[in-house]
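Below is entry.csv, which holds CSV, C-alpha atoms and all ligand atoms.
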chain,number,residue,atom,x,y,z
A,1,MET,CA,77.9,130.3,114.7
A,2,ASP,CA,80.3,127.4,114.4
A,3,ALA,CA,82.6,128.0,111.4
A,4,TRP,CA,81.9,124.5,110.0
A,5,LYS,CA,78.2,125.0,110.3
A,6,GLU,CA,78.4,128.4,108.7
A,7,LEU,CA,80.3,127.1,105.7
A,8,GLU,CA,78.1,124.1,105.3
A,9,GLU,CA,75.0,126.3,105.2
A,10,GLU,CA,76.5,128.7,102.8
A,11,ILE,CA,77.5,125.8,100.4
A,12,VAL,CA,74.0,124.2,100.6
A,13,ARG,CA,72.4,127.5,99.7
A,14,CYS,CA,74.8,128.3,96.8
A,15,ARG,CA,73.4,129.1,93.4
A,16,LYS,CA,76.4,130.7,91.7
A,17,CYS,CA,76.5,128.4,88.7
A,18,PRO,CA,73.3,128.7,86.7
A,19,ARG,CA,73.9,125.6,84.5
A,20,LEU,CA,74.6,123.4,87.5
A,21,VAL,CA,71.7,124.7,89.5
A,22,ALA,CA,69.4,123.9,86.6
A,23,TRP,CA,70.9,120.4,86.1
A,24,ARG,CA,70.9,119.4,89.8
A,25,GLU,CA,67.3,120.4,90.1
A,26,GLU,CA,66.3,118.7,86.9
A,27,VAL,CA,67.9,115.4,88.0
A,28,ALA,CA,66.2,115.7,91.4
A,29,ARG,CA,62.8,116.2,89.7
A,30,THR,CA,63.0,113.5,87.0
A,31,LYS,CA,64.9,110.9,89.2
A,32,ARG,CA,66.0,107.4,88.2
A,33,ARG,CA,63.3,104.8,88.2
A,34,ALA,CA,64.9,102.8,91.0
A,35,TYR,CA,64.8,105.8,93.3
A,36,ARG,CA,61.4,107.2,92.4
A,37,ASP,CA,60.3,107.0,96.1
A,38,TRP,CA,63.3,109.1,97.2
A,39,THR,CA,63.2,112.9,97.8
A,40,TYR,CA,66.4,113.8,96.1
A,41,TRP,CA,68.8,116.2,97.8
A,42,GLY,CA,69.1,118.2,94.6
A,43,ARG,CA,71.4,120.9,96.2
A,44,PRO,CA,75.1,121.4,96.6
A,45,VAL,CA,76.8,118.7,98.7
A,46,PRO,CA,78.9,119.9,101.6
A,47,GLY,CA,82.1,118.1,102.7
A,48,PHE,CA,81.8,115.1,105.0
A,49,GLY,CA,84.0,113.4,107.6
A,50,ASP,CA,86.3,113.9,110.5
A,51,ARG,CA,86.8,117.6,111.3
A,52,ASN,CA,90.1,116.8,112.9
A,53,ALA,CA,91.3,114.9,109.9
A,54,ARG,CA,94.9,114.8,108.6
A,55,VAL,CA,93.8,113.4,105.3
A,56,LEU,CA,91.6,115.3,102.7
A,57,ILE,CA,90.1,113.3,99.9
A,58,VAL,CA,89.2,115.4,96.9
A,59,GLY,CA,86.6,114.0,94.4
A,60,LEU,CA,85.2,115.5,91.2
A,61,ALA,CA,81.5,116.2,91.9
A,62,PRO,CA,78.4,114.6,93.2
A,63,GLY,CA,77.0,111.7,91.2
A,64,ALA,CA,73.6,112.4,89.6
A,65,HIS,CA,71.8,109.6,91.5
A,66,GLY,CA,74.4,109.2,94.2
A,67,ALA,CA,75.4,112.2,96.3
A,68,ASN,CA,72.9,114.4,94.4
A,69,ARG,CA,70.2,112.0,95.7
A,70,THR,CA,71.5,111.3,99.3
A,71,GLY,CA,73.2,114.7,100.1
A,72,ARG,CA,76.5,113.1,101.3
A,73,MET,CA,79.7,112.8,99.4
A,74,PHE,CA,80.2,109.4,97.6
A,75,THR,CA,77.0,108.0,99.1
A,76,GLY,CA,74.6,105.9,97.2
A,77,GLY,CA,76.6,105.5,94.0
A,78,GLY,CA,79.0,103.2,92.4
A,79,ALA,CA,82.2,105.2,93.2
A,80,GLY,CA,81.3,105.2,96.9
A,81,ASN,CA,80.7,101.5,96.8
A,82,PHE,CA,84.4,101.2,95.9
A,83,LEU,CA,85.8,104.0,98.0
A,84,TYR,CA,84.2,103.3,101.4
A,85,PRO,CA,85.1,99.6,101.6
A,86,ALA,CA,88.7,100.6,100.8
A,87,LEU,CA,88.7,103.3,103.5
A,88,TYR,CA,87.2,100.7,105.9
A,89,ARG,CA,90.0,98.2,105.1
A,90,ALA,CA,92.6,100.9,105.7
A,91,GLY,CA,91.1,101.8,109.0
A,92,PHE,CA,89.7,105.2,107.9
A,93,ALA,CA,86.0,104.3,108.2
A,94,ASN,CA,84.0,102.5,110.8
A,95,GLN,CA,82.0,100.6,108.2
A,96,PRO,CA,82.4,99.6,104.6
A,97,THR,CA,78.9,100.8,103.4
A,98,ALA,CA,77.4,104.1,102.7
A,99,SER,CA,73.7,104.3,101.7
A,100,HIS,CA,72.3,107.5,103.1
A,101,ARG,CA,72.9,110.3,105.7
A,102,GLY,CA,72.3,108.8,109.1
A,103,ASP,CA,73.5,105.3,108.2
A,104,GLY,CA,76.0,105.3,111.0
A,105,LEU,CA,79.1,105.9,108.8
A,106,GLU,CA,81.9,107.7,110.5
A,107,LEU,CA,85.3,108.6,109.0
A,108,ARG,CA,88.4,108.6,111.1
A,109,ASP,CA,91.2,111.0,110.2
A,110,VAL,CA,89.7,111.6,106.8
A,111,PHE,CA,87.5,114.4,105.4
A,112,ILE,CA,86.0,114.2,101.9
A,113,THR,CA,85.4,117.1,99.6
A,114,ALA,CA,85.1,117.8,95.9
A,115,VAL,CA,86.2,120.4,93.4
A,116,VAL,CA,82.6,121.0,92.4
A,117,ARG,CA,79.6,120.6,94.8
A,118,CYS,CA,76.8,120.3,92.2
A,119,VAL,CA,76.3,117.5,89.8
A,120,PRO,CA,77.5,118.5,86.3
A,121,PRO,CA,75.9,117.3,83.1
A,122,LYS,CA,77.9,114.2,81.8
A,123,ASN,CA,80.1,114.6,84.9
A,124,LYS,CA,82.0,117.5,83.2
A,125,PRO,CA,82.2,120.8,85.0
A,126,THR,CA,83.5,123.7,83.0
A,127,ALA,CA,86.8,125.4,84.0
A,128,GLN,CA,84.7,128.4,85.1
A,129,GLU,CA,82.5,126.3,87.4
A,130,ILE,CA,85.5,124.7,89.0
A,131,ALA,CA,87.0,128.1,89.6
A,132,THR,CA,83.8,129.3,91.1
A,133,CYS,CA,83.5,126.4,93.5
A,134,LEU,CA,87.1,125.9,94.6
A,135,PRO,CA,87.1,128.6,97.3
A,136,TYR,CA,84.8,126.4,99.4
A,137,MET,CA,87.5,123.7,99.4
A,138,GLY,CA,90.0,126.3,100.4
A,139,ARG,CA,87.8,127.2,103.4
A,140,GLU,CA,87.6,123.6,104.4
A,141,MET,CA,91.4,123.3,104.3
A,142,ASP,CA,91.6,126.4,106.6
A,143,LEU,CA,89.4,124.5,109.0
A,144,LEU,CA,91.7,121.4,109.0
A,145,PRO,CA,94.8,122.6,110.8
A,146,ARG,CA,96.2,119.1,111.1
A,147,LEU,CA,96.1,118.4,107.4
A,148,ARG,CA,99.1,116.3,106.2
A,149,VAL,CA,98.0,114.5,103.0
A,150,ILE,CA,95.6,115.4,100.2
A,151,VAL,CA,94.4,112.5,98.0
A,152,ALA,CA,93.2,113.6,94.6
A,153,LEU,CA,90.8,111.2,93.0
A,154,GLY,CA,91.2,111.6,89.3
A,155,ARG,CA,92.9,114.2,87.1
A,156,ILE,CA,90.3,116.9,87.5
A,157,ALA,CA,90.6,116.8,91.3
A,158,PHE,CA,94.4,116.7,90.9
A,159,ASP,CA,94.5,119.8,88.7
A,160,GLY,CA,91.9,121.6,90.8
A,161,THR,CA,93.8,121.0,94.0
A,162,LEU,CA,97.0,122.4,92.4
A,163,ARG,CA,95.1,125.4,91.1
A,164,LEU,CA,93.6,126.1,94.5
A,165,LEU,CA,97.0,125.9,96.2
A,166,ARG,CA,98.5,128.3,93.6
A,167,GLN,CA,95.6,130.7,94.1
A,168,ARG,CA,96.4,130.6,97.8
A,169,GLY,CA,99.9,131.9,96.9
A,170,GLN,CA,101.9,128.7,97.0
A,171,GLU,CA,104.6,128.3,94.4
A,172,ILE,CA,104.0,124.9,92.9
A,173,PRO,CA,105.7,123.7,89.7
A,174,ARG,CA,103.8,122.0,86.9
A,175,LEU,CA,103.1,118.5,87.9
A,176,SER,CA,101.6,115.7,85.9
A,177,PHE,CA,99.1,113.2,87.2
A,178,ALA,CA,100.3,109.7,87.8
A,179,HIS,CA,98.3,107.1,89.7
A,180,GLY,CA,99.8,106.1,93.0
A,181,ARG,CA,102.4,108.8,93.0
A,182,VAL,CA,103.3,111.0,96.0
A,183,TYR,CA,104.1,114.6,95.4
A,184,GLU,CA,106.0,116.7,97.9
A,185,LEU,CA,104.6,120.2,97.4
A,186,GLY,CA,107.0,122.1,99.6
A,187,GLU,CA,107.8,122.9,103.2
A,188,GLY,CA,104.7,123.3,105.4
A,189,LEU,CA,102.4,122.0,102.7
A,190,PRO,CA,100.6,118.6,102.7
A,191,TYR,CA,101.7,115.8,100.5
A,192,LEU,CA,99.6,115.2,97.5
A,193,VAL,CA,98.8,111.7,96.5
A,194,ALA,CA,97.2,111.0,93.1
A,195,SER,CA,94.8,108.1,92.4
A,196,TYR,CA,92.5,107.2,89.5
A,197,HIS,CA,88.9,108.1,90.4
A,198,PRO,CA,87.0,105.0,91.7
A,199,SER,CA,84.2,105.6,89.1
A,200,ARG,CA,82.4,102.6,87.6
A,201,GLN,CA,84.1,103.4,84.3
A,202,ASN,CA,87.5,102.9,85.9
A,203,THR,CA,86.7,100.0,88.3
A,204,GLN,CA,84.6,97.9,85.9
A,205,THR,CA,87.2,98.1,83.2
A,206,GLY,CA,90.1,97.1,85.5
A,207,ARG,CA,91.9,100.5,85.1
A,208,LEU,CA,91.6,100.8,88.9
A,209,THR,CA,91.6,97.4,90.8
A,210,GLN,CA,90.9,96.9,94.5
A,211,GLU,CA,94.6,96.0,95.0
A,212,MET,CA,95.8,99.2,93.3
A,213,PHE,CA,93.4,101.3,95.4
A,214,ASP,CA,94.3,99.5,98.6
A,215,ARG,CA,98.0,100.4,97.9
A,216,VAL,CA,97.0,104.1,97.6
A,217,TRP,CA,95.6,104.0,101.1
A,218,GLN,CA,98.6,102.1,102.5
A,219,THR,CA,100.8,104.8,101.0
A,220,VAL,CA,98.6,107.5,102.7
A,221,ARG,CA,98.8,105.7,106.0
A,222,ALA,CA,102.6,105.5,105.7
A,223,LEU,CA,102.8,109.3,105.2
A,224,LEU,CA,101.0,110.0,108.5
A,225,PRO,CA,103.1,110.2,111.6
A,226,PRO,CA,101.9,108.0,114.5
A,227,GLU,CA,99.3,109.8,116.6
A,228,GLU,CA,100.6,111.3,119.9
A,229,PRO,CA,99.3,109.4,122.9
A,230,VAL,CA,96.5,111.3,124.7
A,231,GLU,CA,97.7,112.9,127.9
A,232,GLY,CA,96.5,110.8,130.9
A,233,GLY,CA,95.6,107.9,128.6
A,234,PRO,CA,97.1,104.4,128.7
A,235,SER,CA,100.9,104.4,128.2
B,301,LIG,S1,79.1,124.1,91.9
B,301,LIG,FE1,79.8,125.1,93.7
B,301,LIG,S2,79.8,127.3,93.2
B,301,LIG,FE2,78.6,126.3,91.6
B,301,LIG,S3,76.5,126.4,92.4
B,301,LIG,FE3,77.3,124.5,93.1
B,301,LIG,S4,78.1,124.9,95.1
B,301,LIG,FE4,77.8,126.9,94.1
Output the structure of this file as structure tokens.
Ligand code: SF4
Amino acid sequence: MDAWKELEEEIVRCRKCPRLVAWREEVARTKRRAYRDWTYWGRPVPGFGDRNARVLIVGLAPGAHGANRTGRMFTGGGAGNFLYPALYRAGFANQPTASHRGDGLELRDVFITAVVRCVPPKNKPTAQEIATCLPYMGREMDLLPRLRVIVALGRIAFDGTLRLLRQRGQEIPRLSFAHGRVYELGEGLPYLVASYHPSRQNTQTGRLTQEMFDRVWQTVRALLPPEEPVEGGPS
């Protein structure tokens, strides 16, 4: 079986964290009134995007009535309504909207993952749950050989990414999170870019503005070398 498909199926079947399994299913059963006609996904959410990507975006976890409902990262919730328009403006997405799987959204040069695949109560996964889920992200990284830049959305994603890289044997010093900062992790490793998470809490309070977020994606774009022309293509 194709390695991506195999990983995706394994993630979707995962029941390693009892507290999160119970919560994701409870949310899917009780639903939010506005979505009562939906059949919620209610399972772990696999990564989504361009499997040839040079940029990996790391989020926290599915939203209760966003990705836990639609089954696709950052889809159907407030954070996605801020993220995808920004990716579109920066040329990383073919459309600014994300409402459901099969809505035509395609990402270019970007793959989206999260440190935890199941919605946690109050958006707060435990350290143990993060540790249990992180290896899935490691396997996605192994399947992205062109990876050049990791963008961590929020402090938990930032710390989780560093933890994963250290677990993989990389010697990485203690780093502190600062929005908009670029971290050079060492030779042969991708750059790490930190951004505030585009949660409603951050975007509605002005902690993260559209302008600040656009600057993050301009920074990411500037870190990517120009694509090699395709052989036989236009010169
Ligand atoms: S959070 Fe990750 S490890 Fe835990 S049950 Fe969900 S998919 Fe499995």
Residue among A:Ala152, A:Cys133, A:Leu105, A:Ala79 lying closest to A:Glu10, counting all atoms listed in the file: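 Checking each candidate against A:Glu10, we get A:Cys133 as the closest.
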Could you tell me, counting all atoms listed in the file, which protein and nucleic acid residues lie no more than 6 Å from ligand LIG 301 (chain B), written as a tab-separated table (two decimals) with C-alpha atoms, in the coordinates of the input?
chain	number	residue	atom	x	y	z
A	11	ILE	CA	77.50	125.80	100.40
A	14	CYS	CA	74.80	128.30	96.80
A	15	ARG	CA	73.40	129.10	93.40
A	16	LYS	CA	76.40	130.70	91.70
A	17	CYS	CA	76.50	128.40	88.70
A	21	VAL	CA	71.70	124.70	89.50
A	44	PRO	CA	75.10	121.40	96.60
A	116	VAL	CA	82.60	121.00	92.40
A	117	ARG	CA	79.60	120.60	94.80
A	118	CYS	CA	76.80	120.30	92.20
A	129	GLU	CA	82.50	126.30	87.40
A	132	THR	CA	83.80	129.30	91.10
A	133	CYS	CA	83.50	126.40	93.50
Between atom CA of A:Arg108 and atom CA of A:Asp50 lies a distance of 5.7 Å
Fewer than 3 positions away in the same chain doesn't count, so skip those; otherwise give me all residues within 12 Å of A:Leu165, counting only C-alpha atoms, as a PyMOL selection string. chain A and resi 134-135+137-139+141-142+150+158-162+168-173+185-186+189-192
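In this structure, atom CA of A:Gly206 sits 15.8 Å away from atom CA of A:Ala86.
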Pairwise distance, atom CA of A:Gly78 with atom CA of A:Thr219, equals 23.5 Å
For this session: Compare A:Gln128, A:Asn68, A:Thr97, A:Asn52 by their minimum atom-to-atom distance to A:Val12, counting only C-alpha atoms, and give me the closest one.
Result: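 Using only C-alpha atoms, the shortest distance to A:Val12 belongs to A:Asn68.
For the set A:Gln210, A:Ser195, A:Thr126, A:Thr39, the residue with the smallest atom-to-atom gap to A:Val27 is A:Thr39, counting all atoms listed in the file.
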**Request:** Rank A:Gly154, A:Gly80, A:Pro121, A:Pro18 by their smallest atom-to-atom distance to A:Ala64, using all atoms listed in the file, and report the top residue only.
**Result:**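 Nearest to A:Ala64: A:Pro121.
The shortest atom-to-atom distance to A:Arg101, with all atoms listed in the file taken into account, belongs to A:Arg72 out of A:Arg29, A:Arg89, A:Lys122, A:Arg72.
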